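Colleague: Here it is, the structure in full.
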Amino acid sequence: MPIPPEVTGEEIDPDVRQELMSLPKGLAEDVSRNLVMVAQLIDEDPEKAYEYSRVALRLASRVAAVREAAGFAAYATQKYSEALAEFRAARRMSGGVELWPVMADCERGLNRPERALAMAGEPEVQKLDKAGQVEMRLVAAGARRDLGQLDAAIVTLQSPELASSAVHPWTARLRYAYADALLAAGREREAREWFAKALEADKDGATDASDRLAEMDGVEFVDAFDEDEADEASDRGDVVDVDVEGDDDEDDDFDEDDSDDSVGDKS
C-alpha cells in the first residue's frame with residue numbers, strides 16, 4: 001500500500017510509539033506509518049484504512065496497539081467477527097479493559113444482543129473510566145432496543161450523567177441516544193426536548209441532532225445549488241418548473257395506475 005512521503009510515522013501517539021520500540025527501527029517506522037494512515041482514513045475511507053491496518057498487522061501482530069488499530073478498522077467496515085477477535089487479542093496483550101464497550105458492541109453487530117447485555121453486567125465495567133462506563137451504557141441501551149425492549153432502553157440511559165448539566169465529550173451522544181429512544185417509544189414532546197439538549201452539547205457535530213429537530217418541526221432544507229440554478233434560469237427567461245399550490249392541470253394528467261410508483265422505501 002503506497003503511503004504519502006509526508007507521512008513519517010512521527011505523527012503516531014506517544015504511547016503507541018513506546019510499544020513499537022520493541023521492534024527493529026526500520027520495521028517500527030513502517031508499522032507506525034501504516035498506523036498513521038489508519039487513523040487518518042478510518043472516518044472518511046474506512047475500507048482503505050482497513051487495508052493499511054492489515055499491512056501493519058502482517059508486520060507486527062504481537063503489538064497490542066496494532067491489534068487494536070486492526071480491530072477498529074474492521075469495526076469501521078462492519079467486519080464485527082474479525083474486529084472482536086482483534087480486540088480480544090489486544091486486551092490479552094495489554095491487560096486493559098478500555099475495549100470492553102466496543103467488544104460488547106461487536107456482539108450486537110453479530111446479532112447477539114444478549115451477550116452484549118451480559119457483558120454490561122460483568123466486573124470489567126466497574127474498572128472503566130467515566131467515558132467508558134457511559135459508552136457501555138449506550139451499548140446496553142442499544143442491545144435492549146435490538147430486543148424490542150424500548151422502555152428498558154430508556155431506563156438504561158437514565159443516569160446521573162444524563163441528568164448532569166455539565167458537558168463532556170460523550171454528553172451529546174448520550175442525550176441523543178435518549179432522545180432517539182423516547183421518539184421510538186412515541187414520546188415526541190420529550191424526544192424533541194432531548195434532541196435540543198443534545199444539539200446544545202454537540203460542539204463537534206458528532207450527531208445529527210439538528211437534522212432530527214428540523215424533521216420533527218417540519219422544516220425542509222432546499223439545496224442552495226438548486227436555488228442558484230433556478231435564479232439563473234429565471235434571469236435567462238427560461239421556464240422553471242415549480243409546483244404551484246392549486247395547479248390542477250398536472251393532477252388531471254395523473255394516471256391512477258402509476259400511484260404505486262410513489263411509495264417510498266423504508267428508512
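In the C-alpha cells, chains take letters A, B, ... by order of appearance, with residues numbered from 1 within each chain and ligands from 1 in the order shown.
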Determine, counting only C-alpha atoms, which protein, DNA and RNA residues have an atom within 8 Å of an atom of Val55 of chain A; residues of the same chain fewer than 2 positions away are not included. Present the result as a list in words.

Modeller: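 The neighbour list is Met1, Val31, Asn34, Glu51, Tyr52, Ser53, Leu57, Arg58 and Leu59 of chain A.
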
Colleague: With only C-alpha atoms as the counted atoms, please give the residues lying no more than 12 Å from Leu41 of chain A, apart from itself and same-chain residues fewer than 4 positions off, as a PyMOL selection string.

Modeller: chain A and resi 3+34-37+45-53+69+72-73+76-77

Colleague: Write the residues of the selection above to a file with C-alpha atoms, as a PDB file, in the first residue's frame.

Modeller:
```pdb
ATOM      1  CA  ILE A   3       1.989   5.896   1.736  1.00  0.00           C
ATOM      2  CA  ASN A  34       0.686   2.409   8.312  1.00  0.00           C
ATOM      3  CA  LEU A  35      -0.981   3.127  11.655  1.00  0.00           C
ATOM      4  CA  VAL A  36      -0.970   6.849  10.866  1.00  0.00           C
ATOM      5  CA  MET A  37      -2.774   6.085   7.606  1.00  0.00           C
ATOM      6  CA  ASP A  45     -12.452   5.956   3.854  1.00  0.00           C
ATOM      7  CA  PRO A  46     -12.766   3.017   6.262  1.00  0.00           C
ATOM      8  CA  GLU A  47     -12.138   0.387   3.582  1.00  0.00           C
ATOM      9  CA  LYS A  48      -8.768   1.880   2.743  1.00  0.00           C
ATOM     10  CA  ALA A  49      -7.978   2.293   6.440  1.00  0.00           C
ATOM     11  CA  TYR A  50      -8.729  -1.409   6.825  1.00  0.00           C
ATOM     12  CA  GLU A  51      -6.206  -2.245   4.086  1.00  0.00           C
ATOM     13  CA  TYR A  52      -3.476  -0.268   5.854  1.00  0.00           C
ATOM     14  CA  SER A  53      -4.342  -1.971   9.138  1.00  0.00           C
ATOM     15  CA  ALA A  69      -5.967  -0.491  15.334  1.00  0.00           C
ATOM     16  CA  PHE A  72     -11.149  -0.539  14.951  1.00  0.00           C
ATOM     17  CA  ALA A  73     -10.557  -0.672  11.198  1.00  0.00           C
ATOM     18  CA  ALA A  76     -15.500   0.610  10.948  1.00  0.00           C
ATOM     19  CA  THR A  77     -16.106  -1.682   7.965  1.00  0.00           C
TER      20      THR A  77
END
```

Colleague: Go through A:Met21, A:Met103, A:Ala206, A:Val38 and flag the residue nearest Arg91 of chain A, using only C-alpha atoms for the distances.

Modeller: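 Once distances to Arg91 of chain A are computed over only C-alpha atoms, the minimum belongs to A:Met103.
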
Colleague: Restricting the calculation to only C-alpha atoms: of A:Asp43, A:Leu213, A:Ala85, A:Ser22, which residue gets closest to Val63 of chain A?

Modeller: A:Ser22

Colleague: Could you name the residues that touch segment 164-169 of chain A at 9 Å or less, counting only C-alpha atoms, but leaving out those on the same chain fewer than 3 positions away, as a PyMOL selection string?

Modeller: chain A and resi 131+159-161+172-173+201-202

Colleague: Using only C-alpha atoms, pick whichever of A:Gly132, A:Pro14, A:Gly121, A:Gly142 has the shortest atom-to-atom distance to Cys106 of chain A.

Modeller: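 Going through A:Gly132, A:Pro14, A:Gly121, A:Gly142 one by one, the smallest distance to Cys106 of chain A is for A:Gly142.
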
Colleague: Would you list the contacts of Ile154 of chain A as number ranges by chain, taking every protein, DNA or RNA residue within 8 Å and counting only C-alpha atoms, but skipping same-chain residues closer than 3 positions in sequence?

Modeller: A: 141, 150-151, 157-158, 178, 181-182

Colleague: Once you have the residues from the selection above, write them out as a short mmCIF file (atom, residue, chain, number, x, y, z; two decimals), in the first residue's frame, restricted to N, CA, C and O atoms.

Modeller:
```cif
data_model
loop_
_atom_site.label_atom_id
_atom_site.label_comp_id
_atom_site.auth_asym_id
_atom_site.auth_seq_id
_atom_site.Cartn_x
_atom_site.Cartn_y
_atom_site.Cartn_z
N ALA A 141 -28.09 -0.02 26.15
CA ALA A 141 -29.38 0.52 25.70
C ALA A 141 -29.67 0.09 24.27
O ALA A 141 -30.80 -0.27 23.92
N LEU A 150 -37.99 -1.27 24.41
CA LEU A 150 -37.82 0.18 24.36
C LEU A 150 -37.83 0.82 25.74
O LEU A 150 -37.00 1.68 26.05
N ASP A 151 -38.77 0.44 26.56
CA ASP A 151 -38.86 1.04 27.89
C ASP A 151 -37.60 0.75 28.70
O ASP A 151 -37.09 1.62 29.42
N LEU A 157 -30.64 4.34 29.96
CA LEU A 157 -29.94 5.60 29.67
C LEU A 157 -30.15 6.64 30.75
O LEU A 157 -29.40 7.62 30.82
N GLN A 158 -31.16 6.47 31.59
CA GLN A 158 -31.41 7.42 32.67
C GLN A 158 -30.34 7.24 33.74
O GLN A 158 -30.23 6.18 34.34
N TYR A 178 -30.82 9.01 24.12
CA TYR A 178 -32.01 9.08 24.96
C TYR A 178 -33.18 9.66 24.17
O TYR A 178 -34.30 9.13 24.21
N ALA A 181 -34.46 7.11 21.67
CA ALA A 181 -35.26 6.06 22.32
C ALA A 181 -36.65 6.57 22.69
O ALA A 181 -37.65 5.87 22.52
N LEU A 182 -36.71 7.80 23.19
CA LEU A 182 -38.01 8.40 23.52
C LEU A 182 -38.88 8.53 22.28
O LEU A 182 -40.09 8.23 22.33
#
```

Colleague: Could you please determine the separation between atom CA of Ala209 of chain A and atom CA of Leu183 of chain A in Å, to one decimal place?

Modeller: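 Atom-to-atom, atom CA of Ala209 of chain A and atom CA of Leu183 of chain A are spaced 12.6 Å apart.
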
Colleague: Write out as a ChimeraX atom specification each polymer residue whose atoms come within 9 Å of Gly109 of chain A, counting only C-alpha atoms; drop sequence neighbours fewer than 4 positions from it.

Modeller: /A:78-81,104-105,113

Colleague: Residues at most 7 Å from segment 8-11 of chain A, counting only C-alpha atoms, excluding those fewer than 4 positions away in the same chain, as a PDB file with N, CA, C and O atoms, in the first residue's frame?

Modeller:
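As written to disk, part-v6.pdb reads:
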```pdb
ATOM      1  N   GLU A  29       9.233   1.927  12.037  1.00  0.00           N
ATOM      2  CA  GLU A  29       8.851   3.076  11.200  1.00  0.00           C
ATOM      3  C   GLU A  29       7.779   2.684  10.192  1.00  0.00           C
ATOM      4  O   GLU A  29       6.808   3.415   9.984  1.00  0.00           O
ATOM      5  N   SER A  32       4.480   2.210  12.079  1.00  0.00           N
ATOM      6  CA  SER A  32       3.913   3.481  12.547  1.00  0.00           C
ATOM      7  C   SER A  32       3.309   4.269  11.385  1.00  0.00           C
ATOM      8  O   SER A  32       2.246   4.883  11.530  1.00  0.00           O
ATOM      9  N   ARG A  33       3.938   4.243  10.210  1.00  0.00           N
ATOM     10  CA  ARG A  33       3.394   4.972   9.057  1.00  0.00           C
ATOM     11  C   ARG A  33       2.053   4.374   8.622  1.00  0.00           C
ATOM     12  O   ARG A  33       1.123   5.096   8.274  1.00  0.00           O
ATOM     13  N   VAL A  36      -0.567   5.463  11.104  1.00  0.00           N
ATOM     14  CA  VAL A  36      -0.970   6.849  10.866  1.00  0.00           C
ATOM     15  C   VAL A  36      -2.008   6.899   9.764  1.00  0.00           C
ATOM     16  O   VAL A  36      -3.017   7.616   9.853  1.00  0.00           O
TER      17      VAL A  36
END
```

Colleague: Using atom CA of Leu174 of chain A and atom CA of Leu138 of chain A as the two end points, give the distance in Å to one decimal.

Modeller: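 About the pair atom CA of Leu174 of chain A and atom CA of Leu138 of chain A: they are 6.9 Å apart.
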
Colleague: Give me, please, the distance in Å between atom CA of Trp170 of chain A and atom CA of Lys130 of chain A, quoted to one decimal.

Modeller: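 Distance between the two atoms: 9.6 Å.
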
Colleague: Point out the residue among A:Ala177, A:Ala140, A:Glu86, A:Leu23 with the least atom-to-atom distance to Arg54 of chain A, counting only C-alpha atoms.

Modeller: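 Ranked by minimum distance to Arg54 of chain A, first place goes to A:Glu86.
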
Colleague: Got a sec: who's within 7 Å of Leu128 of chain A, counting only C-alpha atoms, leaving out chain neighbours fewer than 3 positions off, as a PyMOL selection string?

Modeller: chain A and resi 97-98+124-125+132-133
